[in-house]
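The structure file structure-v2.txt is reproduced below (compact mmCIF, C-alpha atoms).
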```txt
# COMPACT_ATOMS: atom_id res chain seq x y z
CA MET A 1 -40.34 76.07 -64.94
CA ARG A 2 -36.76 77.28 -64.80
CA VAL A 3 -33.97 75.02 -66.01
CA PHE A 4 -30.30 75.47 -65.10
CA SER A 5 -27.05 73.54 -65.49
CA HIS A 6 -25.85 70.93 -63.02
CA GLY A 7 -22.17 70.13 -63.54
CA SER A 8 -20.82 66.80 -62.37
CA ASN A 9 -17.34 65.38 -62.02
CA VAL A 10 -17.14 61.71 -61.07
CA ASN A 11 -13.53 60.58 -60.89
CA PHE A 12 -12.59 63.06 -63.64
CA ASN A 13 -15.51 62.08 -65.90
CA GLU A 14 -17.27 65.39 -66.47
CA SER A 15 -20.88 65.83 -67.54
CA THR A 16 -23.63 68.41 -67.40
CA ARG A 17 -27.34 67.80 -67.07
CA GLU A 18 -30.37 70.01 -66.93
CA MET A 19 -31.61 70.67 -63.42
CA PHE A 20 -34.90 71.87 -61.96
CA ALA A 21 -35.76 73.16 -58.49
CA LYS A 22 -37.63 69.98 -57.54
CA ASP A 23 -34.76 67.74 -58.64
CA LEU A 24 -32.13 69.79 -56.81
CA ASN A 25 -34.29 69.74 -53.68
CA GLU A 26 -34.46 65.93 -53.87
CA ILE A 27 -30.72 65.52 -54.45
CA ILE A 28 -29.74 67.69 -51.48
CA ARG A 29 -32.51 66.38 -49.21
CA GLY A 30 -31.50 62.79 -49.95
CA TYR A 31 -27.87 63.64 -49.25
CA ILE A 32 -28.68 65.28 -45.89
CA GLU A 33 -31.03 62.48 -44.82
CA GLY A 34 -28.56 59.78 -45.83
CA LYS A 35 -25.70 61.07 -43.67
CA GLU A 36 -25.11 61.32 -39.93
CA SER A 37 -23.89 64.91 -40.22
CA VAL A 38 -23.55 67.21 -43.25
CA LEU A 39 -21.38 70.32 -43.10
CA PHE A 40 -22.88 73.42 -44.71
CA GLY A 41 -20.96 76.56 -45.60
CA THR A 42 -19.42 78.67 -48.34
CA ILE A 43 -16.27 78.35 -50.41
CA ASP A 44 -14.38 81.04 -52.30
CA LEU A 45 -11.16 79.84 -53.94
CA ASP A 46 -10.17 83.35 -55.06
CA LYS A 47 -10.12 84.46 -51.42
CA GLU A 48 -8.80 81.05 -50.30
CA ALA A 49 -11.67 80.88 -47.82
CA ILE A 50 -14.01 78.20 -46.55
CA TYR A 51 -16.63 79.15 -43.97
CA VAL A 52 -18.60 76.47 -42.16
CA PHE A 53 -21.96 77.73 -40.92
CA GLY A 54 -22.93 74.48 -39.24
CA ARG A 55 -24.59 71.13 -39.87
CA ALA A 56 -27.34 71.05 -42.50
CA GLN A 57 -30.68 69.80 -41.17
CA GLN A 58 -33.18 70.64 -43.90
CA ILE A 59 -33.40 72.03 -47.43
CA ASP A 60 -36.29 73.79 -49.14
CA VAL A 61 -35.92 74.67 -52.81
CA ASP A 62 -39.16 76.28 -53.97
CA GLU A 63 -39.26 77.98 -57.34
CA GLN A 64 -42.83 79.29 -56.89
CA LYS A 65 -41.89 81.05 -53.64
CA ASN A 66 -38.52 82.10 -55.10
CA ARG A 67 -36.74 80.47 -52.17
CA PHE A 68 -33.67 78.37 -51.56
CA ALA A 69 -33.54 77.83 -47.80
CA VAL A 70 -31.20 75.77 -45.64
CA THR A 71 -31.86 75.10 -41.97
CA TYR A 72 -28.72 74.21 -40.05
CA THR A 73 -27.43 73.96 -36.49
CA GLN A 74 -24.41 75.98 -35.49
CA MET A 75 -21.13 74.16 -34.92
CA GLU A 76 -20.54 75.55 -31.42
CA LYS A 77 -24.11 75.59 -30.10
CA PRO A 78 -27.17 73.49 -30.84
CA LEU A 79 -29.04 76.55 -32.12
CA ALA A 80 -31.03 76.24 -35.33
CA GLU A 81 -30.42 78.90 -37.97
CA LYS A 82 -31.90 79.40 -41.42
CA ILE A 83 -30.36 81.04 -44.45
CA GLU A 84 -32.44 81.96 -47.49
CA MET A 85 -31.48 83.05 -50.97
CA PRO A 86 -33.75 84.00 -53.86
CA PHE A 87 -34.07 80.97 -56.11
CA GLU A 88 -33.94 83.28 -59.13
CA ASN A 89 -30.32 84.11 -58.20
CA LEU A 90 -29.23 80.46 -58.46
CA GLU A 91 -26.71 80.25 -61.29
CA ILE A 92 -25.52 76.64 -61.33
CA SER A 93 -25.23 73.55 -59.14
CA HIS A 94 -22.46 70.96 -59.05
CA GLU A 95 -21.64 67.54 -57.67
CA ALA A 96 -18.18 66.11 -57.28
CA LEU A 97 -17.57 62.48 -56.41
CA PHE A 98 -14.09 61.03 -56.18
CA ASP A 99 -12.54 57.82 -54.91
CA ILE A 100 -9.92 58.92 -52.41
CA ILE A 101 -7.57 57.20 -49.99
CA ASP A 102 -8.37 58.46 -46.50
CA GLU A 103 -5.73 58.08 -43.81
CA LYS A 104 -8.20 56.39 -41.43
CA GLN A 105 -10.96 54.96 -43.62
CA GLY A 106 -8.89 53.64 -46.53
CA GLN A 107 -10.47 53.90 -49.98
CA VAL A 108 -13.64 55.98 -49.81
CA GLN A 109 -16.03 57.31 -52.42
CA TYR A 110 -16.65 60.89 -51.24
CA ARG A 111 -19.26 63.29 -52.62
CA VAL A 112 -19.73 67.05 -52.22
CA ILE A 113 -22.65 69.13 -53.53
CA TYR A 114 -22.23 72.81 -54.44
CA VAL A 115 -24.84 75.46 -55.26
CA SER A 116 -23.78 78.86 -56.64
CA PHE A 117 -25.80 82.07 -56.47
CA TRP A 118 -25.28 85.57 -57.78
CA ASN A 119 -24.84 87.89 -54.79
CA GLU A 120 -26.21 91.23 -55.94
CA ASP A 121 -24.84 93.12 -52.92
CA GLU A 122 -21.27 91.92 -53.44
CA LYS A 123 -21.54 91.74 -57.25
CA GLU A 124 -20.00 88.28 -57.21
CA GLU A 125 -20.89 84.63 -57.13
CA MET A 126 -21.33 82.91 -53.76
CA THR A 127 -21.00 79.13 -53.59
CA TYR A 128 -22.46 77.00 -50.81
CA PHE A 129 -21.39 73.41 -50.14
CA PHE A 130 -22.83 70.30 -48.50
CA ALA A 131 -20.25 67.72 -47.34
CA ASP A 132 -20.39 64.64 -45.13
CA GLU A 133 -18.64 65.51 -41.87
CA TYR A 134 -17.51 62.03 -40.81
CA GLN A 135 -16.93 59.96 -43.94
CA VAL A 136 -13.35 61.23 -44.34
CA SER A 137 -10.74 62.56 -41.93
CA HIS A 138 -10.44 66.00 -43.56
CA PRO A 139 -13.74 66.91 -45.23
CA LEU A 140 -12.87 70.57 -45.82
CA GLU A 141 -9.76 69.58 -47.77
CA CYS A 142 -12.03 67.55 -50.03
CA VAL A 143 -14.47 70.47 -50.34
CA ALA A 144 -11.63 72.70 -51.60
CA SER A 145 -9.92 70.12 -53.82
CA PHE A 146 -13.16 68.90 -55.39
CA TRP A 147 -14.37 72.46 -56.05
CA GLU A 148 -11.19 73.12 -58.05
CA GLN A 149 -12.06 70.10 -60.22
CA VAL A 150 -15.76 70.80 -60.76
CA THR A 151 -16.12 74.61 -60.65
CA ASN A 152 -16.05 75.12 -64.44
CA VAL A 153 -18.05 72.04 -65.42
CA GLY A 154 -21.35 73.00 -67.02
CA ARG A 155 -20.73 76.72 -67.20
CA ASP A 156 -20.55 76.56 -71.00
CA VAL A 157 -24.00 74.95 -71.28
CA ASP A 158 -27.21 76.96 -71.33
CA PHE A 159 -30.24 74.68 -71.37
CA THR A 160 -32.62 77.62 -71.67
CA MET A 161 -31.05 78.55 -75.01
CA THR A 162 -30.74 75.05 -76.47
CA GLY A 163 -34.23 73.84 -75.65
CA CYS A 164 -32.92 70.52 -74.37
CA SER A 165 -35.48 70.51 -71.59
CA ALA A 166 -38.45 68.26 -72.19
CA PHE A 167 -40.60 70.95 -70.58
CA ASP A 168 -39.33 73.66 -72.94
CA ARG A 169 -39.15 71.54 -76.07
CA LYS A 170 -42.77 72.13 -77.13
CA SER A 171 -42.27 75.89 -77.15
CA HIS A 172 -39.36 75.55 -79.60
CA LEU A 173 -41.18 73.29 -82.08
```
Please express the file's structure as structure tokens.
Amino acid sequence: MRVFSHGSNVNFNESTREMFAKDLNEIIRGYIEGKESVLFGTIDLDKEAIYVFGRAQQIDVDEQKNRFAVTYTQMEKPLAEKIEMPFENLEISHEALFDIIDEKQGQVQYRVIYVSFWNEDEKEEMTYFFADEYQVSHPLECVASFWEQVTNVGRDVDFTMTGCSAFDRKSHL
């Protein structure tokens, strides 16, 4: 069972926890199911680019099948699409949650989930995001701002090396 880091930044309180495929699947699935509409896309701060693929409908994180799959509907058309990445290429996941003052909603607690993979073709990291479309007036601004705050959280922790995982602990004793 593979363990990886999950960085979190909640109102500038940073932490890192160990994460497993099943847990990540539950976190993202719960997020998608708990919202009216969740934007799904990629973010690359170096290129100053955010691409929205559509609205996330379903997540399937399956370590045994080496799959991280997101089913989404396109923004312009109600066509379902699916994107798949090898689970083994997942490097780190993140959550950012901040209390913000939205121009229409007032004070809102807004959360964005990020999952980063190594893209072998491009020889660079690719980060996908999940963000509530309607909770704030400008969700993509939050996606970018929050990513700046959380991107480095947890990158200095390697749970596979420290043996912090309850599943791995027996092998280190």
Counting only C-alpha atoms, the residue of A:Met19, A:Met126, A:Val157, A:Ile32 that sits nearest Met1 (chain A)
A:Met19
Can you tell me how far CA of Asn152 (chain A) sits from CA of Ser15 (chain A), in Å to one decimal?
10.9 Å
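Here the question is which of A:Asn66, A:Ser5, A:Ile113, A:Ala80 gets nearest to Phe53 (chain A) using all atoms listed in the file, and that residue is A:Ala80.
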Work out how far CA of Ile100 (chain A) is from CA of Thr127 (chain A), in Å to one decimal.
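Going from CA of Thr127 (chain A) over to CA of Ile100 (chain A), I get 23.1 Å.
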Within 10 Å of Thr71 (chain A), counting all atoms listed in the file, which residues show up once you throw out same-chain ones fewer than 6 positions away? Write them as a ChimeraX atom specification, please.
/A:40,54-60,80-84
Could you check how far CA of Asp156 (chain A) sits from CA of Ser116 (chain A), in Å to one decimal?
14.9 Å
From the set A:Glu95, A:Gln135, A:Gln105, A:Lys65, which residue has the shortest atom-to-atom contact distance to Asn13 (chain A), counting only C-alpha atoms?
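Looking only at the distances to Asn13 (chain A), the closest residue turns out to be A:Glu95.
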Do you know which residues are at most 10 Å from Tyr110 (chain A) counting only C-alpha atoms, after dropping those on the same chain fewer than 4 positions away, and could you put them as a PyMOL selection string?
chain A and resi 10+96-102+131-132+135-136+139+142-143+146
Restricting to all atoms listed in the file, whichever of A:Val52, A:Phe4, A:Phe117, A:Phe129 is closest to Thr16 (chain A) is A:Phe4
Nearest candidate to His94 (chain A) (options A:Gln74, A:Gln149, A:Gln64, A:Asn11; using only C-alpha atoms):
A:Gln149
Find the spatial neighbours of Asp44 (chain A), counting all atoms listed in the file, within a cut-off of 12 Å - ignore same-chain residues fewer than 2 positions away - and output them as a PyMOL selection string.
chain A and resi 41-42+46-52+114+116+124-129+143-145+147-148+151
Nearest to Arg2 (chain A), chosen from A:Tyr134, A:Val115, A:Lys77, A:Asp23, with only C-alpha atoms counted in the distances
A:Asp23
Please produce region 89-114 of chain A, completed to N, CA and C atoms, as a compact mmCIF listing (two decimals), in the frame of the given file.
```txt
# COMPACT_ATOMS: atom_id res chain seq x y z
N ASN A 89 -31.75 83.77 -58.15
CA ASN A 89 -30.32 84.11 -58.20
C ASN A 89 -29.42 82.88 -58.33
N LEU A 90 -30.01 81.68 -58.30
CA LEU A 90 -29.23 80.46 -58.46
C LEU A 90 -28.67 80.42 -59.88
N GLU A 91 -27.36 80.27 -59.98
CA GLU A 91 -26.71 80.25 -61.29
C GLU A 91 -26.43 78.84 -61.80
N ILE A 92 -25.93 77.98 -60.91
CA ILE A 92 -25.52 76.64 -61.33
C ILE A 92 -25.35 75.78 -60.07
N SER A 93 -25.52 74.49 -60.23
CA SER A 93 -25.23 73.55 -59.14
C SER A 93 -24.21 72.54 -59.65
N HIS A 94 -23.51 71.93 -58.70
CA HIS A 94 -22.46 70.96 -59.05
C HIS A 94 -22.47 69.80 -58.06
N GLU A 95 -21.96 68.68 -58.53
CA GLU A 95 -21.64 67.54 -57.67
C GLU A 95 -20.25 67.06 -58.05
N ALA A 96 -19.49 66.71 -57.04
CA ALA A 96 -18.18 66.11 -57.28
C ALA A 96 -18.11 64.83 -56.45
N LEU A 97 -17.69 63.76 -57.09
CA LEU A 97 -17.57 62.48 -56.41
C LEU A 97 -16.25 61.85 -56.86
N PHE A 98 -15.40 61.60 -55.87
CA PHE A 98 -14.09 61.03 -56.18
C PHE A 98 -13.78 59.88 -55.22
N ASP A 99 -13.10 58.87 -55.75
CA ASP A 99 -12.54 57.82 -54.91
C ASP A 99 -11.23 58.37 -54.35
N ILE A 100 -11.14 58.41 -53.03
CA ILE A 100 -9.92 58.92 -52.41
C ILE A 100 -9.41 57.90 -51.40
N ILE A 101 -8.15 58.03 -51.04
CA ILE A 101 -7.57 57.20 -49.99
C ILE A 101 -7.50 58.06 -48.74
N ASP A 102 -8.34 57.73 -47.77
CA ASP A 102 -8.37 58.46 -46.50
C ASP A 102 -7.41 57.81 -45.53
N GLU A 103 -6.74 58.61 -44.73
CA GLU A 103 -5.73 58.08 -43.81
C GLU A 103 -6.31 57.13 -42.76
N LYS A 104 -7.59 57.27 -42.42
CA LYS A 104 -8.20 56.39 -41.43
C LYS A 104 -9.18 55.38 -42.03
N GLN A 105 -9.90 55.79 -43.06
CA GLN A 105 -10.96 54.96 -43.62
C GLN A 105 -10.50 54.08 -44.79
N GLY A 106 -9.33 54.36 -45.34
CA GLY A 106 -8.89 53.64 -46.53
C GLY A 106 -9.54 54.23 -47.76
N GLN A 107 -9.84 53.39 -48.76
CA GLN A 107 -10.47 53.90 -49.98
C GLN A 107 -11.93 54.24 -49.70
N VAL A 108 -12.30 55.46 -50.07
CA VAL A 108 -13.64 55.98 -49.81
C VAL A 108 -14.14 56.69 -51.06
N GLN A 109 -15.41 56.52 -51.36
CA GLN A 109 -16.03 57.31 -52.42
C GLN A 109 -16.71 58.49 -51.73
N TYR A 110 -16.19 59.70 -51.96
CA TYR A 110 -16.65 60.89 -51.24
C TYR A 110 -17.31 61.87 -52.20
N ARG A 111 -18.43 62.42 -51.78
CA ARG A 111 -19.26 63.29 -52.62
C ARG A 111 -19.51 64.62 -51.93
N VAL A 112 -19.42 65.70 -52.70
CA VAL A 112 -19.73 67.05 -52.22
C VAL A 112 -20.69 67.69 -53.21
N ILE A 113 -21.68 68.41 -52.69
CA ILE A 113 -22.65 69.13 -53.53
C ILE A 113 -22.41 70.62 -53.34
N TYR A 114 -22.45 71.36 -54.45
CA TYR A 114 -22.23 72.81 -54.44
C TYR A 114 -23.40 73.50 -55.14
```
